[in-house]
Amino acid sequence: MMDVSGELSRLSGLSALAGQAVGKVLSVTGWEGELRNPAKQWATTWRRDDAHAWVQGDGPVEVEFTLWYREVEDERPDPEACIDELYDAASAELPRIADQLESGVLGALLEAADEDLTDGVDYIDHNAWRIGDKVLPAGVKHDDTDAPVQLRGAAGIRHG
């Protein structure tokens with residue numbers, strides 16, 4: 001699982017999360033961007049090794065990194081029948097993501113918060129912190145797709 005704490009630290013230092021500024025941070029740190037939305041003047045999809053990043057919104061934007069991805073289709077005859085077990089296995093990965101963020105360059109900047117910082121995102125399990133005027137959520141998601149079960153571990157940053 002890729003460690004994106006350096007990227008998140010640089011992004012947290014931006015006074016505004018603007019698409020072009022985010023693109024500069026990602027480009028400098030070795031991410032390859034793709035301009036997929038003709039309405040945007042910055043790359044909205046990024047890739048580095050086996051991790052992906054998405055820049056969403058207009059300004060301020062949100063950035064989300066997919067740190068691990070698991071599609072459960074062939075390994076179980078009926079993934080929907082064992083969804084709780086799959087969710088538990090995916091949630092067991094979250095402490096590694098949280099530890100990576102808390103022990104990395106972001107550790108000293110992360111502030112625990114008592115309020116819900118999910119902004120309405122439906123996580124299976126998550127942690128979230130404040131970094132100044134920004135929110136850094138990390139969690140496990142079940143993406144709605146045609147495949148029976150697609151689970152991913154994600155971390156992101158947004159103004160909050």
# chains A, B, ... in the order shown; residues from 1 in each chain; ligands from 1
$ residues_around --residues "Asp122 in chain A" --least-positions-apart "4" --cutoff "9 Å" --atoms "only C-alpha atoms" --output "list in words"
Thr118, Lys141 and His142 of chain A
$ residues_around --residues "Ala90 in chain A" --least-positions-apart "3" --cutoff "9 Å" --atoms "only C-alpha atoms" --output "number ranges by chain"
A: 70, 85-87, 93-94, 124-125, 140-141, 151-153
$ write_last_selection --atoms "N, CA, C and O atoms" --output "short mmCIF file (atom, residue, chain, number, x, y, z; two decimals), in the first residue's frame"
data_model
loop_
_atom_site.label_atom_id
_atom_site.label_comp_id
_atom_site.auth_asym_id
_atom_site.auth_seq_id
_atom_site.Cartn_x
_atom_site.Cartn_y
_atom_site.Cartn_z
N ARG A 70 -9.87 -3.96 -4.04
CA ARG A 70 -10.12 -5.40 -4.06
C ARG A 70 -11.48 -5.66 -4.69
O ARG A 70 -12.49 -5.15 -4.21
N GLU A 85 -18.55 -10.44 6.38
CA GLU A 85 -17.19 -10.97 6.51
C GLU A 85 -16.22 -10.17 5.63
O GLU A 85 -15.10 -9.85 6.04
N LEU A 86 -16.66 -9.83 4.43
CA LEU A 86 -15.82 -9.03 3.53
C LEU A 86 -15.58 -7.64 4.10
O LEU A 86 -14.48 -7.11 4.04
N TYR A 87 -16.63 -7.03 4.65
CA TYR A 87 -16.49 -5.72 5.27
C TYR A 87 -15.52 -5.77 6.46
O TYR A 87 -14.70 -4.88 6.63
N GLU A 93 -7.96 -3.55 7.42
CA GLU A 93 -6.88 -2.83 6.74
C GLU A 93 -6.78 -1.38 7.19
O GLU A 93 -5.74 -0.75 7.04
N LEU A 94 -7.87 -0.83 7.72
CA LEU A 94 -7.90 0.60 8.07
C LEU A 94 -6.84 0.99 9.10
O LEU A 94 -6.21 2.04 8.94
N ILE A 124 -17.58 2.21 5.16
CA ILE A 124 -17.78 0.99 5.94
C ILE A 124 -17.17 1.23 7.32
O ILE A 124 -17.75 0.91 8.34
N ASP A 125 -15.98 1.81 7.32
CA ASP A 125 -15.27 2.19 8.54
C ASP A 125 -14.33 3.34 8.15
O ASP A 125 -13.88 3.41 7.01
N VAL A 140 -12.65 2.89 4.42
CA VAL A 140 -12.93 1.78 3.53
C VAL A 140 -14.29 2.03 2.91
O VAL A 140 -15.25 2.35 3.60
N LYS A 141 -14.37 1.89 1.59
CA LYS A 141 -15.60 2.14 0.84
C LYS A 141 -16.01 0.90 0.05
O LYS A 141 -15.16 0.13 -0.38
N LEU A 151 -14.27 -3.24 -3.04
CA LEU A 151 -13.88 -2.56 -1.81
C LEU A 151 -12.58 -1.82 -2.05
O LEU A 151 -11.71 -2.30 -2.78
N ARG A 152 -12.43 -0.65 -1.43
CA ARG A 152 -11.17 0.07 -1.56
C ARG A 152 -10.88 0.86 -0.31
O ARG A 152 -11.77 1.29 0.41
N GLY A 153 -9.59 1.03 -0.07
CA GLY A 153 -9.12 1.85 1.01
C GLY A 153 -8.73 3.20 0.44
O GLY A 153 -8.03 3.27 -0.57
#
$ closest_residue --among "A:Ala155, A:Ala39, A:Ala112, A:Ala98" --to "Val4 in chain A" --atoms "only C-alpha atoms"
A:Ala155
$ select_by_dssp --residues "chain A" --states "strand (DSSP E)" --output "JSON, numbers by chain"
{"A": [32, 33, 34, 45, 46, 47, 48, 51, 52, 53, 54, 55, 56, 62, 63, 64, 65, 66, 67, 68, 69, 70, 71, 72, 111, 112, 125, 126, 127, 128, 129, 130, 131, 134, 135, 136, 137, 138, 139, 140, 141, 142, 143, 149, 150, 151, 152, 153, 154, 155, 156, 157, 158, 159]}
$ write_last_selection --atoms "N, CA and C atoms" --output "compact mmCIF listing (two decimals), in the first residue's frame"
# COMPACT_ATOMS: atom_id res chain seq x y z
N GLU A 32 1.32 10.73 -12.44
CA GLU A 32 1.04 11.05 -13.83
C GLU A 32 -0.43 11.39 -13.96
N GLY A 33 -0.71 12.57 -14.48
CA GLY A 33 -2.08 13.04 -14.58
C GLY A 33 -2.66 12.86 -15.95
N GLU A 34 -3.99 12.80 -15.98
CA GLU A 34 -4.71 12.69 -17.25
C GLU A 34 -5.85 13.70 -17.24
N THR A 45 -7.60 12.95 -13.04
CA THR A 45 -7.28 11.56 -12.73
C THR A 45 -5.76 11.42 -12.70
N TRP A 46 -5.26 10.79 -11.64
CA TRP A 46 -3.83 10.65 -11.46
C TRP A 46 -3.49 9.21 -11.11
N ARG A 47 -2.28 8.78 -11.49
CA ARG A 47 -1.85 7.42 -11.21
C ARG A 47 -0.36 7.41 -10.86
N ARG A 48 -0.03 6.60 -9.88
CA ARG A 48 1.37 6.37 -9.53
C ARG A 48 1.45 4.96 -8.98
N ALA A 51 -1.52 2.97 -7.20
CA ALA A 51 -2.46 3.88 -6.52
C ALA A 51 -3.06 4.86 -7.54
N HIS A 52 -4.23 5.36 -7.22
CA HIS A 52 -4.93 6.32 -8.06
C HIS A 52 -5.32 7.53 -7.22
N ALA A 53 -5.48 8.66 -7.86
CA ALA A 53 -5.98 9.85 -7.19
C ALA A 53 -6.97 10.54 -8.11
N TRP A 54 -7.98 11.14 -7.49
CA TRP A 54 -9.00 11.89 -8.23
C TRP A 54 -9.12 13.28 -7.63
N VAL A 55 -9.20 14.26 -8.50
CA VAL A 55 -9.41 15.65 -8.09
C VAL A 55 -10.84 15.98 -8.51
N GLN A 56 -11.67 16.31 -7.54
CA GLN A 56 -13.09 16.53 -7.80
C GLN A 56 -13.51 17.93 -7.36
N GLU A 62 -11.59 18.66 -3.98
CA GLU A 62 -11.30 17.56 -3.05
C GLU A 62 -10.36 16.61 -3.77
N VAL A 63 -9.46 15.99 -3.02
CA VAL A 63 -8.53 15.02 -3.58
C VAL A 63 -8.73 13.72 -2.83
N GLU A 64 -8.88 12.63 -3.58
CA GLU A 64 -9.01 11.33 -2.94
C GLU A 64 -8.02 10.35 -3.56
N PHE A 65 -7.29 9.66 -2.71
CA PHE A 65 -6.34 8.65 -3.13
C PHE A 65 -6.92 7.27 -2.85
N THR A 66 -6.90 6.38 -3.83
CA THR A 66 -7.25 4.98 -3.60
C THR A 66 -5.94 4.25 -3.32
N LEU A 67 -5.81 3.74 -2.11
CA LEU A 67 -4.56 3.13 -1.66
C LEU A 67 -4.53 1.63 -1.90
N TRP A 68 -5.67 0.99 -1.82
CA TRP A 68 -5.78 -0.42 -2.18
C TRP A 68 -7.18 -0.68 -2.70
N TYR A 69 -7.27 -1.71 -3.53
CA TYR A 69 -8.51 -1.99 -4.22
C TYR A 69 -8.68 -3.51 -4.29
N ARG A 70 -9.87 -3.96 -4.04
CA ARG A 70 -10.12 -5.40 -4.06
C ARG A 70 -11.48 -5.66 -4.69
N GLU A 71 -11.50 -6.42 -5.77
CA GLU A 71 -12.76 -6.80 -6.39
C GLU A 71 -13.03 -8.26 -6.04
N VAL A 72 -14.12 -8.49 -5.36
CA VAL A 72 -14.45 -9.84 -4.90
C VAL A 72 -15.55 -10.37 -5.80
N GLU A 111 -5.21 16.59 13.92
CA GLU A 111 -5.98 16.90 15.12
C GLU A 111 -7.23 16.03 15.13
N ALA A 112 -7.41 15.27 16.19
CA ALA A 112 -8.62 14.47 16.34
C ALA A 112 -9.80 15.41 16.51
N ASP A 125 -15.98 1.81 7.32
CA ASP A 125 -15.27 2.19 8.54
C ASP A 125 -14.33 3.34 8.15
N HIS A 126 -14.06 4.23 9.09
CA HIS A 126 -13.21 5.37 8.74
C HIS A 126 -12.59 6.00 9.98
N ASN A 127 -11.57 6.80 9.73
CA ASN A 127 -10.97 7.73 10.67
C ASN A 127 -10.96 9.08 9.97
N ALA A 128 -10.99 10.15 10.72
CA ALA A 128 -10.90 11.48 10.10
C ALA A 128 -10.24 12.44 11.08
N TRP A 129 -9.46 13.35 10.52
CA TRP A 129 -8.75 14.33 11.32
C TRP A 129 -8.90 15.70 10.69
N ARG A 130 -8.58 16.71 11.44
CA ARG A 130 -8.46 18.08 10.93
C ARG A 130 -6.98 18.41 10.80
N ILE A 131 -6.69 19.19 9.77
CA ILE A 131 -5.36 19.77 9.60
C ILE A 131 -5.63 21.23 9.27
N LYS A 134 -8.57 22.20 6.92
CA LYS A 134 -8.84 21.08 6.02
C LYS A 134 -9.21 19.82 6.81
N VAL A 135 -9.85 18.90 6.12
CA VAL A 135 -10.25 17.62 6.72
C VAL A 135 -9.54 16.51 5.96
N LEU A 136 -9.01 15.55 6.69
CA LEU A 136 -8.35 14.40 6.09
C LEU A 136 -9.09 13.14 6.53
N PRO A 137 -9.99 12.61 5.69
CA PRO A 137 -10.64 11.35 6.01
C PRO A 137 -9.87 10.17 5.40
N ALA A 138 -9.89 9.05 6.08
CA ALA A 138 -9.33 7.80 5.56
C ALA A 138 -10.31 6.70 5.90
N GLY A 139 -10.62 5.87 4.94
CA GLY A 139 -11.60 4.85 5.23
C GLY A 139 -11.70 3.77 4.18
N VAL A 140 -12.65 2.89 4.42
CA VAL A 140 -12.93 1.78 3.53
C VAL A 140 -14.29 2.03 2.91
N LYS A 141 -14.37 1.89 1.59
CA LYS A 141 -15.60 2.14 0.84
C LYS A 141 -16.01 0.90 0.05
N HIS A 142 -17.30 0.76 -0.14
CA HIS A 142 -17.86 -0.24 -1.04
C HIS A 142 -18.45 0.54 -2.20
N ASP A 143 -17.80 0.44 -3.35
CA ASP A 143 -18.26 1.18 -4.52
C ASP A 143 -19.43 0.47 -5.16
N VAL A 149 -18.94 -7.08 -5.50
CA VAL A 149 -18.36 -6.33 -4.40
C VAL A 149 -17.03 -5.73 -4.85
N GLN A 150 -16.91 -4.40 -4.73
CA GLN A 150 -15.64 -3.72 -4.95
C GLN A 150 -15.35 -2.90 -3.71
N LEU A 151 -14.27 -3.24 -3.04
CA LEU A 151 -13.88 -2.56 -1.81
C LEU A 151 -12.58 -1.82 -2.05
N ARG A 152 -12.43 -0.65 -1.43
CA ARG A 152 -11.17 0.07 -1.56
C ARG A 152 -10.88 0.86 -0.31
N GLY A 153 -9.59 1.03 -0.07
CA GLY A 153 -9.12 1.85 1.01
C GLY A 153 -8.73 3.20 0.44
N ALA A 154 -9.20 4.26 1.06
CA ALA A 154 -9.00 5.59 0.51
C ALA A 154 -8.59 6.58 1.59
N ALA A 155 -7.85 7.59 1.18
CA ALA A 155 -7.53 8.73 2.03
C ALA A 155 -7.67 9.96 1.16
N GLY A 156 -8.07 11.06 1.74
CA GLY A 156 -8.29 12.25 0.94
C GLY A 156 -8.10 13.50 1.75
N ILE A 157 -8.32 14.63 1.08
CA ILE A 157 -8.23 15.92 1.76
C ILE A 157 -9.21 16.87 1.08
N ARG A 158 -9.83 17.70 1.91
CA ARG A 158 -10.77 18.70 1.42
C ARG A 158 -10.82 19.83 2.43
N HIS A 159 -11.34 20.96 2.00
CA HIS A 159 -11.59 22.05 2.95
C HIS A 159 -12.74 21.63 3.84
$ residues_around --residues "Thr29 in chain A" --least-positions-apart "2" --cutoff "12 Å" --atoms "only C-alpha atoms" --output "PyMOL selection string"
chain A and resi 3-11+22-27+31-33+46-48
$ write_last_selection --atoms "N, CA and C atoms" --output "JSON list (two decimals), in the first residue's frame"
[["chain", "number", "residue", "atom", "x", "y", "z"],
["A", 3, "ASP", "N", 2.29, 4.91, 0.52],
["A", 3, "ASP", "CA", 2.21, 5.92, 1.57],
["A", 3, "ASP", "C", 2.04, 7.29, 0.90],
["A", 4, "VAL", "N", 0.89, 7.92, 1.10],
["A", 4, "VAL", "CA", 0.63, 9.23, 0.49],
["A", 4, "VAL", "C", 0.69, 10.34, 1.53],
["A", 5, "SER", "N", 1.27, 10.06, 2.69],
["A", 5, "SER", "CA", 1.31, 11.09, 3.73],
["A", 5, "SER", "C", 2.12, 12.31, 3.29],
["A", 6, "GLY", "N", 3.15, 12.12, 2.47],
["A", 6, "GLY", "CA", 3.93, 13.25, 1.96],
["A", 6, "GLY", "C", 3.08, 14.14, 1.06],
["A", 7, "GLU", "N", 2.33, 13.52, 0.16],
["A", 7, "GLU", "CA", 1.45, 14.28, -0.72],
["A", 7, "GLU", "C", 0.38, 15.01, 0.08],
["A", 8, "LEU", "N", -0.22, 14.30, 1.03],
["A", 8, "LEU", "CA", -1.26, 14.92, 1.85],
["A", 8, "LEU", "C", -0.70, 16.07, 2.68],
["A", 9, "SER", "N", 0.53, 15.94, 3.15],
["A", 9, "SER", "CA", 1.17, 17.02, 3.91],
["A", 9, "SER", "C", 1.35, 18.25, 3.03],
["A", 10, "ARG", "N", 1.84, 18.04, 1.81],
["A", 10, "ARG", "CA", 2.02, 19.17, 0.88],
["A", 10, "ARG", "C", 0.68, 19.81, 0.53],
["A", 11, "LEU", "N", -0.34, 18.97, 0.30],
["A", 11, "LEU", "CA", -1.66, 19.49, -0.03],
["A", 11, "LEU", "C", -2.27, 20.26, 1.14],
["A", 22, "VAL", "N", -3.10, 21.62, -6.89],
["A", 22, "VAL", "CA", -3.06, 20.19, -6.55],
["A", 22, "VAL", "C", -2.28, 19.44, -7.62],
["A", 23, "GLY", "N", -2.52, 19.76, -8.88],
["A", 23, "GLY", "CA", -1.81, 19.12, -9.97],
["A", 23, "GLY", "C", -0.30, 19.30, -9.89],
["A", 24, "LYS", "N", 0.13, 20.49, -9.50],
["A", 24, "LYS", "CA", 1.57, 20.74, -9.35],
["A", 24, "LYS", "C", 2.16, 19.88, -8.25],
["A", 25, "VAL", "N", 1.46, 19.76, -7.12],
["A", 25, "VAL", "CA", 1.95, 18.92, -6.02],
["A", 25, "VAL", "C", 2.05, 17.47, -6.47],
["A", 26, "LEU", "N", 1.02, 16.96, -7.12],
["A", 26, "LEU", "CA", 1.04, 15.56, -7.54],
["A", 26, "LEU", "C", 2.10, 15.31, -8.61],
["A", 27, "SER", "N", 2.24, 16.23, -9.54],
["A", 27, "SER", "CA", 3.23, 16.07, -10.60],
["A", 27, "SER", "C", 4.65, 16.04, -10.04],
["A", 31, "TRP", "N", 3.41, 11.64, -9.69],
["A", 31, "TRP", "CA", 2.12, 11.16, -10.19],
["A", 31, "TRP", "C", 1.97, 11.58, -11.64],
["A", 32, "GLU", "N", 1.32, 10.73, -12.44],
["A", 32, "GLU", "CA", 1.04, 11.05, -13.83],
["A", 32, "GLU", "C", -0.43, 11.39, -13.96],
["A", 33, "GLY", "N", -0.71, 12.57, -14.48],
["A", 33, "GLY", "CA", -2.08, 13.04, -14.58],
["A", 33, "GLY", "C", -2.66, 12.86, -15.95],
["A", 46, "TRP", "N", -5.26, 10.79, -11.64],
["A", 46, "TRP", "CA", -3.83, 10.65, -11.46],
["A", 46, "TRP", "C", -3.49, 9.21, -11.11],
["A", 47, "ARG", "N", -2.28, 8.78, -11.49],
["A", 47, "ARG", "CA", -1.85, 7.42, -11.21],
["A", 47, "ARG", "C", -0.36, 7.41, -10.86],
["A", 48, "ARG", "N", -0.03, 6.60, -9.88],
["A", 48, "ARG", "CA", 1.37, 6.37, -9.53],
["A", 48, "ARG", "C", 1.45, 4.96, -8.98]]
$ closest_residue --among "A:Ser91, A:Asp50, A:Gly160, A:Gly59" --to "Tyr123 in chain A" --atoms "only C-alpha atoms"
A:Ser91
$ atom_distance --atom1 "CA of Asp133 in chain A" --atom2 "CA of Ala43 in chain A"
24.0 Å
$ atom_distance --atom1 "CA of Asp114 in chain A" --atom2 "CA of Gly132 in chain A"
14.9 Å
$ atom_distance --atom1 "CA of Trp42 in chain A" --atom2 "CA of Leu110 in chain A"
28.0 Å
